[in-house]
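Dumped upload_2.pdb below, it's PDB, C-alpha atoms:
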MODEL        1
ATOM      1  CA  MET W  80     -38.826  62.758  26.642
ATOM      2  CA  PRO W  81     -38.381  61.272  23.159
ATOM      3  CA  GLU W  82     -34.924  59.836  23.286
ATOM      4  CA  ASN W  83     -32.560  58.794  20.557
ATOM      5  CA  THR W  84     -29.153  57.292  20.898
ATOM      6  CA  LEU W  85     -26.032  58.683  19.318
ATOM      7  CA  THR W  86     -23.452  56.018  18.508
ATOM      8  CA  ARG W  87     -19.954  55.760  17.084
ATOM      9  CA  ALA W  88     -21.429  55.478  13.595
ATOM     10  CA  ASP W  89     -23.157  58.875  13.960
ATOM     11  CA  ILE W  90     -19.972  60.574  15.115
ATOM     12  CA  VAL W  91     -18.016  58.962  12.282
ATOM     13  CA  ASP W  92     -20.590  60.278   9.768
ATOM     14  CA  ARG W  93     -20.186  63.779  11.194
ATOM     15  CA  LEU W  94     -16.419  63.610  10.855
ATOM     16  CA  VAL W  95     -16.783  62.541   7.223
ATOM     17  CA  GLN W  96     -19.221  65.411   6.586
ATOM     18  CA  LYS W  97     -17.537  68.188   8.509
ATOM     19  CA  VAL W  98     -13.831  67.384   8.284
ATOM     20  CA  GLY W  99     -13.811  65.513   4.987
ATOM     21  CA  LEU W 100     -11.959  62.478   6.295
ATOM     22  CA  THR W 101     -12.685  59.034   4.925
ATOM     23  CA  LYS W 102     -14.968  56.832   6.954
ATOM     24  CA  GLN W 103     -12.050  54.596   7.904
ATOM     25  CA  ASP W 104      -9.866  57.501   9.065
ATOM     26  CA  SER W 105     -12.780  59.022  10.991
ATOM     27  CA  SER W 106     -13.388  55.755  12.757
ATOM     28  CA  ASN W 107      -9.694  55.327  13.557
ATOM     29  CA  PHE W 108      -9.510  58.847  15.002
ATOM     30  CA  LEU W 109     -12.559  58.370  17.177
ATOM     31  CA  GLU W 110     -11.197  55.080  18.546
ATOM     32  CA  ARG W 111      -7.825  56.655  19.173
ATOM     33  CA  VAL W 112      -9.360  59.582  21.080
ATOM     34  CA  LEU W 113     -11.394  57.239  23.285
ATOM     35  CA  GLU W 114      -8.382  54.975  23.807
ATOM     36  CA  LEU W 115      -6.115  57.855  24.842
ATOM     37  CA  VAL W 116      -8.729  59.011  27.356
ATOM     38  CA  CYS W 117      -8.962  55.461  28.787
ATOM     39  CA  VAL W 118      -5.171  55.165  29.049
ATOM     40  CA  GLU W 119      -4.969  58.415  31.030
ATOM     41  CA  LEU W 120      -7.740  57.320  33.378
ATOM     42  CA  GLU W 121      -6.051  53.946  33.886
ATOM     43  CA  ARG W 122      -2.961  55.850  35.013
ATOM     44  CA  ASP W 123      -5.087  57.812  37.498
ATOM     45  CA  GLU W 124      -4.681  60.975  35.459
ATOM     46  CA  ASP W 125      -7.647  63.286  35.096
ATOM     47  CA  VAL W 126      -8.752  64.206  31.584
ATOM     48  CA  LYS W 127      -9.892  67.781  31.171
ATOM     49  CA  PHE W 128     -11.747  69.122  28.167
ATOM     50  CA  ALA W 129     -12.446  72.796  28.607
ATOM     51  CA  ARG W 130     -16.020  73.728  27.685
ATOM     52  CA  PHE W 131     -17.030  70.055  27.775
ATOM     53  CA  GLY W 132     -16.119  68.554  31.129
ATOM     54  CA  ASN W 133     -13.566  66.656  33.163
ATOM     55  CA  PHE W 134     -13.188  62.928  33.690
ATOM     56  CA  VAL W 135     -11.833  62.150  37.128
ATOM     57  CA  VAL W 136     -10.874  58.781  38.615
ATOM     58  CA  ARG W 137     -11.910  58.250  42.201
ATOM     59  CA  ARG W 138     -11.031  55.473  44.612
ATOM     60  CA  LYS W 139     -13.908  54.063  46.593
ATOM     61  CA  LYS W 140     -13.351  52.130  49.786
ATOM     62  CA  ALA W 141     -15.097  48.818  50.376
ATOM     63  CA  ARG W 142     -18.418  49.257  52.163
ATOM     64  CA  VAL W 143     -21.594  47.428  52.994
ATOM     65  CA  GLY W 144     -24.417  48.337  50.661
ATOM     66  CA  ARG W 145     -27.948  47.122  50.381
ATOM     67  CA  ASN W 146     -29.907  45.544  47.590
ATOM     68  CA  PRO W 147     -32.520  48.276  47.056
ATOM     69  CA  LYS W 148     -35.098  45.712  46.005
ATOM     70  CA  THR W 149     -34.777  43.198  48.813
ATOM     71  CA  GLY W 150     -33.194  45.359  51.508
ATOM     72  CA  GLU W 151     -30.560  42.682  52.021
ATOM     73  CA  GLU W 152     -27.050  43.735  52.918
ATOM     74  CA  ALA W 153     -24.496  43.197  50.185
ATOM     75  CA  PRO W 154     -20.772  43.902  50.401
ATOM     76  CA  ILE W 155     -19.426  46.397  47.852
ATOM     77  CA  SER W 156     -15.750  45.908  47.064
ATOM     78  CA  ALA W 157     -13.166  48.678  46.892
ATOM     79  CA  ARG W 158     -12.936  50.006  43.344
ATOM     80  CA  ARG W 159     -11.867  52.792  41.050
ATOM     81  CA  VAL W 160     -14.675  54.663  39.350
ATOM     82  CA  VAL W 161     -14.786  57.385  36.716
ATOM     83  CA  SER W 162     -16.790  60.446  37.501
ATOM     84  CA  PHE W 163     -17.597  63.018  34.836
ATOM     85  CA  LYS W 164     -17.887  66.621  35.909
ATOM     86  CA  PRO W 165     -19.650  68.508  33.146
ATOM     87  CA  SER W 166     -18.354  72.025  32.504
ATOM     88  CA  PRO W 167     -20.594  74.924  33.507
ATOM     89  CA  LEU W 168     -21.124  75.584  29.796
ATOM     90  CA  LEU W 169     -22.327  72.058  29.067
ATOM     91  CA  ARG W 170     -24.603  72.098  32.123
ATOM     92  CA  GLN W 171     -26.022  75.392  31.001
ATOM     93  CA  ARG W 172     -26.595  74.204  27.426
ATOM     94  CA  VAL W 173     -28.386  71.064  28.619
ATOM     95  CA  GLU W 174     -30.501  72.882  31.168
ATOM     96  CA  ALA W 175     -31.436  75.701  28.785
ATOM     97  CA  ALA W 176     -32.502  73.271  26.075
ATOM     98  CA  GLN W 177     -34.550  71.206  28.518
ATOM     99  CA  SER W 178     -36.381  74.137  30.035
ATOM    100  CA  ALA W 179     -37.071  75.580  26.566
ATOM    101  CA  ARG W 180     -38.725  72.277  25.698
ATOM    102  CA  ARG W 181     -40.947  72.394  28.777
ATOM    103  CA  ASP W 182     -42.295  75.901  28.134
TER     104      ASP W 182
ATOM    105  CA  MET G 263      -4.440  65.311  30.099
ATOM    106  CA  LEU G 264      -5.841  68.488  28.634
ATOM    107  CA  ARG G 265      -7.611  68.931  25.318
ATOM    108  CA  SER G 266      -4.448  70.631  23.979
ATOM    109  CA  GLU G 267      -2.312  67.668  25.045
ATOM    110  CA  LEU G 268      -4.646  65.214  23.356
ATOM    111  CA  ILE G 269      -4.453  67.278  20.171
ATOM    112  CA  ALA G 270      -0.653  67.444  20.343
ATOM    113  CA  ARG G 271      -0.486  63.691  20.779
ATOM    114  CA  LEU G 272      -2.797  62.987  17.829
ATOM    115  CA  ALA G 273      -0.899  65.468  15.669
ATOM    116  CA  GLU G 274       2.332  63.659  16.488
ATOM    117  CA  GLU G 275       0.787  60.344  15.489
ATOM    118  CA  ASN G 276      -0.554  61.806  12.235
ATOM    119  CA  PRO G 277       2.239  63.872  10.700
ATOM    120  CA  THR G 278       0.413  64.214   7.380
ATOM    121  CA  LEU G 279      -2.401  66.225   8.960
ATOM    122  CA  LYS G 280      -2.202  69.889   9.911
ATOM    123  CA  GLY G 281      -2.570  70.780  13.568
ATOM    124  CA  ARG G 282      -5.695  72.720  12.737
ATOM    125  CA  GLU G 283      -7.295  69.660  11.197
ATOM    126  CA  VAL G 284      -6.570  67.529  14.237
ATOM    127  CA  GLU G 285      -8.047  70.232  16.433
ATOM    128  CA  ARG G 286     -11.142  70.256  14.275
ATOM    129  CA  ILE G 287     -11.536  66.478  14.562
ATOM    130  CA  VAL G 288     -11.422  66.596  18.357
ATOM    131  CA  ASP G 289     -13.861  69.504  18.442
ATOM    132  CA  VAL G 290     -16.349  67.778  16.145
ATOM    133  CA  ILE G 291     -16.320  64.671  18.348
ATOM    134  CA  PHE G 292     -17.044  66.546  21.568
ATOM    135  CA  ASP G 293     -19.452  69.003  19.952
ATOM    136  CA  GLU G 294     -21.426  66.088  18.604
ATOM    137  CA  ILE G 295     -21.716  64.541  22.077
ATOM    138  CA  ALA G 296     -22.686  67.894  23.606
ATOM    139  CA  ALA G 297     -25.302  68.515  20.907
ATOM    140  CA  ALA G 298     -26.868  65.104  21.512
ATOM    141  CA  LEU G 299     -27.133  65.803  25.243
ATOM    142  CA  GLU G 300     -28.687  69.156  24.451
ATOM    143  CA  ARG G 301     -31.396  67.318  22.523
ATOM    144  CA  GLY G 302     -31.919  65.083  25.542
ATOM    145  CA  ASP G 303     -30.440  62.118  23.648
ATOM    146  CA  ARG G 304     -28.203  59.395  24.967
ATOM    147  CA  VAL G 305     -24.693  58.831  23.652
ATOM    148  CA  GLU G 306     -23.508  55.255  23.725
ATOM    149  CA  LEU G 307     -19.873  54.471  23.096
ATOM    150  CA  ARG G 308     -19.504  50.752  23.786
ATOM    151  CA  GLY G 309     -16.526  49.918  25.953
ATOM    152  CA  PHE G 310     -15.900  53.555  26.795
ATOM    153  CA  GLY G 311     -19.178  54.576  28.355
ATOM    154  CA  ALA G 312     -22.519  56.285  27.927
ATOM    155  CA  PHE G 313     -23.597  59.882  28.361
ATOM    156  CA  SER G 314     -27.172  60.725  29.227
ATOM    157  CA  VAL G 315     -29.250  63.525  30.673
ATOM    158  CA  ARG G 316     -30.573  62.898  34.166
ATOM    159  CA  LYS G 317     -33.361  64.759  35.834
ATOM    160  CA  ARG G 318     -32.700  66.007  39.336
ATOM    161  CA  ASP G 319     -35.805  66.713  41.377
ATOM    162  CA  ALA G 320     -36.295  69.986  43.194
ATOM    163  CA  ARG G 321     -34.970  69.798  46.731
ATOM    164  CA  THR G 322     -34.228  71.894  49.752
ATOM    165  CA  GLY G 323     -30.508  72.450  49.960
ATOM    166  CA  ARG G 324     -28.395  74.243  52.484
ATOM    167  CA  ASN G 325     -25.854  76.939  52.196
ATOM    168  CA  PRO G 326     -22.847  75.069  53.595
ATOM    169  CA  ARG G 327     -21.401  78.194  55.120
ATOM    170  CA  THR G 328     -24.460  79.594  56.867
ATOM    171  CA  GLY G 329     -26.593  76.468  57.182
ATOM    172  CA  ASN G 330     -29.559  78.396  55.759
ATOM    173  CA  ALA G 331     -32.109  76.375  53.818
ATOM    174  CA  VAL G 332     -32.359  77.263  50.126
ATOM    175  CA  SER G 333     -34.685  75.758  47.577
ATOM    176  CA  VAL G 334     -32.932  74.168  44.599
ATOM    177  CA  GLU G 335     -35.065  73.899  41.478
ATOM    178  CA  ALA G 336     -35.452  70.725  39.452
ATOM    179  CA  LYS G 337     -32.849  70.509  36.739
ATOM    180  CA  HIS G 338     -31.381  68.350  34.000
ATOM    181  CA  VAL G 339     -27.733  67.436  34.227
ATOM    182  CA  PRO G 340     -25.324  65.612  31.931
ATOM    183  CA  PHE G 341     -24.311  62.229  33.316
ATOM    184  CA  PHE G 342     -21.613  59.705  32.330
ATOM    185  CA  LYS G 343     -21.353  56.060  33.201
ATOM    186  CA  ALA G 344     -18.147  54.241  32.337
ATOM    187  CA  GLY G 345     -18.564  51.216  30.067
ATOM    188  CA  LYS G 346     -17.790  47.672  31.023
ATOM    189  CA  GLU G 347     -14.383  47.578  29.364
ATOM    190  CA  LEU G 348     -13.247  50.812  31.005
ATOM    191  CA  ARG G 349     -14.542  49.663  34.403
ATOM    192  CA  SER G 350     -12.536  46.449  34.015
ATOM    193  CA  ARG G 351      -9.411  48.288  32.960
ATOM    194  CA  LEU G 352      -9.596  50.435  36.086
ATOM    195  CA  ASN G 353     -10.041  47.416  38.352
ATOM    196  CA  ASN G 354      -7.372  44.857  37.470
ATOM    197  CA  GLY G 355      -9.258  43.402  34.553
ATOM    198  CA  HIS G 356     -12.403  42.709  36.525
ATOM    199  CA  ASP G 357     -15.586  44.754  36.270
ATOM    200  CA  PRO G 358     -16.628  45.311  39.911
ATOM    201  CA  GLU G 359     -20.261  45.482  38.812
ATOM    202  CA  ASP G 360     -20.198  41.852  37.734
ATOM    203  CA  ARG G 361     -21.978  39.391  39.979
ATOM    204  CA  ASP G 362     -19.926  36.288  40.382
TER     205      ASP G 362
ENDMDL
END
Kindly present the structure from the file in structure tokens form.
Amino acid sequence: MPENTLTRADIVDRLVQKVGLTKQDSSNFLERVLELVCVELERDEDVKFARFGNFVVRRKKARVGRNPKTGEEAPISARRVVSFKPSPLLRQRVEAAQSARRD
Amino acid sequence: MLRSELIARLAEENPTLKGREVERIVDVIFDEIAAALERGDRVELRGFGAFSVRKRDARTGRNPRTGNAVSVEAKHVPFFKAGKELRSRLNNGHDPEDRD
């Protein structure tokens, strides 16, 4: 699969093009959106974007894992992790595009 | 927080913009990410996290209610991994993935 990487700069360019904001304002908005999402997650609040997906914070208990390479046991500490649940629409868009490429 | 609440918040912080414009900004951001994933591209937002498309192999699943085996086809699914800064912020300033 030929793979490119979309970065902040690409999103900022799109905002300039499509919304007509300055580069600086576009960049500030993007940072602010990401920051507000982080702040919610820090407070254990889920973030739900209809048609895109939901970000959910989950608490994991400490457990004993294994180094997959060496097979050695390694303790894994308790932690909070973010899990992203893509919306059915996003899943469908991704799957449809991928299978179209295969055919 | 819902999309509408994010928009309300941004609108409050930017009184010179119309609500519609703020809505448009948020939509463009998420549409852009979705479009990249549709192309099979990665989206890397340092500190926040990275979106990618992961391939899931075909497998035999089970209907949880009946226990019947069902074949699940291979598929591509959107995936998100939180960035280092976000992982740290969620874990008292320490990224649990760090080896110390």
Using all atoms listed in the file, tabulate the residues of chain W lying at most 8 Å from any atom of chain G, each with its closest atom pair and that distance in Å to one decimal, by chain and increasing residue number, as a Markdown table.
| residue | atom | partner | partner_atom | distance |
| --- | --- | --- | --- | --- |
| W:Met80 | CA | G:Gly302 | CA | 7.4 |
| W:Pro81 | CA | G:Gly302 | CA | 7.9 |
| W:Glu82 | CA | G:Asp303 | CA | 5.0 |
| W:Asn83 | CA | G:Asp303 | CA | 5.0 |
| W:Thr84 | CA | G:Arg304 | CA | 4.7 |
| W:Leu85 | CA | G:Val305 | CA | 4.5 |
| W:Thr86 | CA | G:Glu306 | CA | 5.3 |
| W:Arg87 | CA | G:Leu307 | CA | 6.1 |
| W:Ile90 | CA | G:Ile291 | CA | 6.4 |
| W:Arg93 | CA | G:Val290 | CA | 7.4 |
| W:Leu94 | CA | G:Val290 | CA | 6.7 |
| W:Lys97 | CA | G:Val290 | CA | 7.7 |
| W:Val98 | CA | G:Ile287 | CA | 6.7 |
| W:Phe108 | CA | G:Ile287 | CA | 7.9 |
| W:Leu109 | CA | G:Ile291 | CA | 7.4 |
| W:Val112 | CA | G:Leu268 | CA | 7.7 |
| W:Leu113 | CA | G:Phe310 | CA | 6.8 |
| W:Leu115 | CA | G:Leu268 | CA | 7.6 |
| W:Cys117 | CA | G:Leu348 | CA | 6.7 |
| W:Glu119 | CA | G:Met263 | CA | 7.0 |
| W:Leu120 | CA | G:Leu352 | CA | 7.6 |
| W:Glu121 | CA | G:Leu352 | CA | 5.5 |
| W:Glu124 | CA | G:Met263 | CA | 6.9 |
| W:Asp125 | CA | G:Met263 | CA | 6.3 |
| W:Val126 | CA | G:Met263 | CA | 4.7 |
| W:Lys127 | CA | G:Leu264 | CA | 4.8 |
| W:Phe128 | CA | G:Arg265 | CA | 5.0 |
| W:Ala129 | CA | G:Arg265 | CA | 7.0 |
| W:Phe131 | CA | G:Phe292 | CA | 7.1 |
| W:Ser156 | CA | G:Pro358 | CA | 7.2 |
| W:Arg158 | CA | G:Asn353 | CA | 6.3 |
| W:Arg159 | CA | G:Leu352 | CA | 5.9 |
| W:Val160 | CA | G:Arg349 | CA | 7.0 |
| W:Val161 | CA | G:Ala344 | CA | 6.4 |
| W:Ser162 | CA | G:Phe342 | CA | 7.1 |
| W:Phe163 | CA | G:Phe342 | CA | 5.8 |
| W:Pro165 | CA | G:Pro340 | CA | 6.5 |
| W:Leu169 | CA | G:Ala296 | CA | 6.9 |
| W:Arg170 | CA | G:Val339 | CA | 6.0 |
| W:Arg172 | CA | G:Glu300 | CA | 6.2 |
| W:Val173 | CA | G:Glu300 | CA | 4.6 |
| W:Glu174 | CA | G:His338 | CA | 5.4 |
| W:Ala176 | CA | G:Glu300 | CA | 5.8 |
| W:Gln177 | CA | G:His338 | CA | 6.9 |
Output C-alpha atoms of each residue in that selection to a file, as a PDB file, keeping the file's coordinate frame.
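Below is the file that was written, out_20.pdb:
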ATOM      1  CA  MET W  80     -38.826  62.758  26.642  1.00  0.00           C
ATOM      2  CA  PRO W  81     -38.381  61.272  23.159  1.00  0.00           C
ATOM      3  CA  GLU W  82     -34.924  59.836  23.286  1.00  0.00           C
ATOM      4  CA  ASN W  83     -32.560  58.794  20.557  1.00  0.00           C
ATOM      5  CA  THR W  84     -29.153  57.292  20.898  1.00  0.00           C
ATOM      6  CA  LEU W  85     -26.032  58.683  19.318  1.00  0.00           C
ATOM      7  CA  THR W  86     -23.452  56.018  18.508  1.00  0.00           C
ATOM      8  CA  ARG W  87     -19.954  55.760  17.084  1.00  0.00           C
ATOM      9  CA  ILE W  90     -19.972  60.574  15.115  1.00  0.00           C
ATOM     10  CA  ARG W  93     -20.186  63.779  11.194  1.00  0.00           C
ATOM     11  CA  LEU W  94     -16.419  63.610  10.855  1.00  0.00           C
ATOM     12  CA  LYS W  97     -17.537  68.188   8.509  1.00  0.00           C
ATOM     13  CA  VAL W  98     -13.831  67.384   8.284  1.00  0.00           C
ATOM     14  CA  PHE W 108      -9.510  58.847  15.002  1.00  0.00           C
ATOM     15  CA  LEU W 109     -12.559  58.370  17.177  1.00  0.00           C
ATOM     16  CA  VAL W 112      -9.360  59.582  21.080  1.00  0.00           C
ATOM     17  CA  LEU W 113     -11.394  57.239  23.285  1.00  0.00           C
ATOM     18  CA  LEU W 115      -6.115  57.855  24.842  1.00  0.00           C
ATOM     19  CA  CYS W 117      -8.962  55.461  28.787  1.00  0.00           C
ATOM     20  CA  GLU W 119      -4.969  58.415  31.030  1.00  0.00           C
ATOM     21  CA  LEU W 120      -7.740  57.320  33.378  1.00  0.00           C
ATOM     22  CA  GLU W 121      -6.051  53.946  33.886  1.00  0.00           C
ATOM     23  CA  GLU W 124      -4.681  60.975  35.459  1.00  0.00           C
ATOM     24  CA  ASP W 125      -7.647  63.286  35.096  1.00  0.00           C
ATOM     25  CA  VAL W 126      -8.752  64.206  31.584  1.00  0.00           C
ATOM     26  CA  LYS W 127      -9.892  67.781  31.171  1.00  0.00           C
ATOM     27  CA  PHE W 128     -11.747  69.122  28.167  1.00  0.00           C
ATOM     28  CA  ALA W 129     -12.446  72.796  28.607  1.00  0.00           C
ATOM     29  CA  PHE W 131     -17.030  70.055  27.775  1.00  0.00           C
ATOM     30  CA  SER W 156     -15.750  45.908  47.064  1.00  0.00           C
ATOM     31  CA  ARG W 158     -12.936  50.006  43.344  1.00  0.00           C
ATOM     32  CA  ARG W 159     -11.867  52.792  41.050  1.00  0.00           C
ATOM     33  CA  VAL W 160     -14.675  54.663  39.350  1.00  0.00           C
ATOM     34  CA  VAL W 161     -14.786  57.385  36.716  1.00  0.00           C
ATOM     35  CA  SER W 162     -16.790  60.446  37.501  1.00  0.00           C
ATOM     36  CA  PHE W 163     -17.597  63.018  34.836  1.00  0.00           C
ATOM     37  CA  PRO W 165     -19.650  68.508  33.146  1.00  0.00           C
ATOM     38  CA  LEU W 169     -22.327  72.058  29.067  1.00  0.00           C
ATOM     39  CA  ARG W 170     -24.603  72.098  32.123  1.00  0.00           C
ATOM     40  CA  ARG W 172     -26.595  74.204  27.426  1.00  0.00           C
ATOM     41  CA  VAL W 173     -28.386  71.064  28.619  1.00  0.00           C
ATOM     42  CA  GLU W 174     -30.501  72.882  31.168  1.00  0.00           C
ATOM     43  CA  ALA W 176     -32.502  73.271  26.075  1.00  0.00           C
ATOM     44  CA  GLN W 177     -34.550  71.206  28.518  1.00  0.00           C
TER      45      GLN W 177
END
inquiry  = Report, in Å to a single decimal, how far apart atom CA of W:Gly150 and atom CA of G:Arg316 are.
reply    =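 Separation between atom CA of G:Arg316 and atom CA of W:Gly150: 24.8 Å.
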ask   = Interatomic distance between atom CA of W:Arg122 and atom CA of W:Val136?
value =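 For atom CA of W:Arg122 relative to atom CA of W:Val136, the distance reads 9.2 Å.
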task = Kindly give the distance, in Å, that separates atom CA of W:Arg137 and atom CA of W:Asp123, rounded to a single decimal.
result = 8.3 Å
Specify the axis-aligned box that encloses all atoms of stretch 88-103 of chain W listed in the file after padding of 6 Å on each side, stating its centre and edge lengths in Å to one decimal as lines of an AutoDock Vina configuration file.
center_x = -17.6
center_y = 61.4
center_z = 10.0
size_x = 23.2
size_y = 25.6
size_z = 22.2
request  = Pick out the residues sitting within 7 Å of G:Val332, and hand them over as a ChimeraX atom specification; count only C-alpha atoms, and ignore anything fewer than 6 positions along from it in its own chain.
outcome  = /G:322-325
For the selection just defined, write its residues with C-alpha atoms to a file, as an mmCIF file, in the coordinates of the input.
data_model
loop_
_atom_site.group_PDB
_atom_site.id
_atom_site.type_symbol
_atom_site.label_atom_id
_atom_site.label_comp_id
_atom_site.auth_asym_id
_atom_site.auth_seq_id
_atom_site.Cartn_x
_atom_site.Cartn_y
_atom_site.Cartn_z
ATOM 1 C CA THR G 322 -34.228 71.894 49.752
ATOM 2 C CA GLY G 323 -30.508 72.450 49.960
ATOM 3 C CA ARG G 324 -28.395 74.243 52.484
ATOM 4 C CA ASN G 325 -25.854 76.939 52.196
#
Who sits within 8 Å of G:Arg321, all atoms listed in the file, same chain under 6 positions skipped, as number ranges by chain = G: 333-336
key: Result set of the PyMOL selection byres ((chain W and resi 143) around 7) on the coordinates above, as an NGL selection string   = :W and (142 or 144-145 or 152-155)
Final N, CA and C atoms of stretch 98-111 of chain W as an mmCIF file, keeping the file's coordinate frame:
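Below is the file that was written, part-v1.cif:
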data_model
loop_
_atom_site.group_PDB
_atom_site.id
_atom_site.type_symbol
_atom_site.label_atom_id
_atom_site.label_comp_id
_atom_site.auth_asym_id
_atom_site.auth_seq_id
_atom_site.Cartn_x
_atom_site.Cartn_y
_atom_site.Cartn_z
ATOM 1 N N VAL W 98 -15.290 67.257 8.402
ATOM 2 C CA VAL W 98 -13.831 67.384 8.284
ATOM 3 C C VAL W 98 -13.344 66.857 6.941
ATOM 4 N N GLY W 99 -14.184 66.027 6.300
ATOM 5 C CA GLY W 99 -13.811 65.513 4.987
ATOM 6 C C GLY W 99 -12.846 64.343 5.045
ATOM 7 N N LEU W 100 -12.789 63.687 6.201
ATOM 8 C CA LEU W 100 -11.959 62.478 6.295
ATOM 9 C C LEU W 100 -12.716 61.315 5.673
ATOM 10 N N THR W 101 -11.995 60.245 5.361
ATOM 11 C CA THR W 101 -12.685 59.034 4.925
ATOM 12 C C THR W 101 -13.350 58.414 6.146
ATOM 13 N N LYS W 102 -14.272 57.514 5.870
ATOM 14 C CA LYS W 102 -14.968 56.832 6.954
ATOM 15 C C LYS W 102 -13.971 56.073 7.831
ATOM 16 N N GLN W 103 -13.034 55.397 7.170
ATOM 17 C CA GLN W 103 -12.050 54.596 7.904
ATOM 18 C C GLN W 103 -11.187 55.480 8.812
ATOM 19 N N ASP W 104 -10.700 56.597 8.256
ATOM 20 C CA ASP W 104 -9.866 57.501 9.065
ATOM 21 C C ASP W 104 -10.666 58.091 10.220
ATOM 22 N N SER W 105 -11.927 58.445 9.946
ATOM 23 C CA SER W 105 -12.780 59.022 10.991
ATOM 24 C C SER W 105 -12.934 58.031 12.130
ATOM 25 N N SER W 106 -13.190 56.791 11.764
ATOM 26 C CA SER W 106 -13.388 55.755 12.757
ATOM 27 C C SER W 106 -12.109 55.536 13.560
ATOM 28 N N ASN W 107 -10.974 55.505 12.860
ATOM 29 C CA ASN W 107 -9.694 55.327 13.557
ATOM 30 C C ASN W 107 -9.432 56.468 14.539
ATOM 31 N N PHE W 108 -9.726 57.697 14.122
ATOM 32 C CA PHE W 108 -9.510 58.847 15.002
ATOM 33 C C PHE W 108 -10.380 58.768 16.250
ATOM 34 N N LEU W 109 -11.645 58.449 16.041
ATOM 35 C CA LEU W 109 -12.559 58.370 17.177
ATOM 36 C C LEU W 109 -12.071 57.312 18.172
ATOM 37 N N GLU W 110 -11.697 56.147 17.666
ATOM 38 C CA GLU W 110 -11.197 55.080 18.546
ATOM 39 C C GLU W 110 -9.946 55.525 19.287
ATOM 40 N N ARG W 111 -9.083 56.209 18.577
ATOM 41 C CA ARG W 111 -7.825 56.655 19.173
ATOM 42 C C ARG W 111 -8.077 57.666 20.290
#
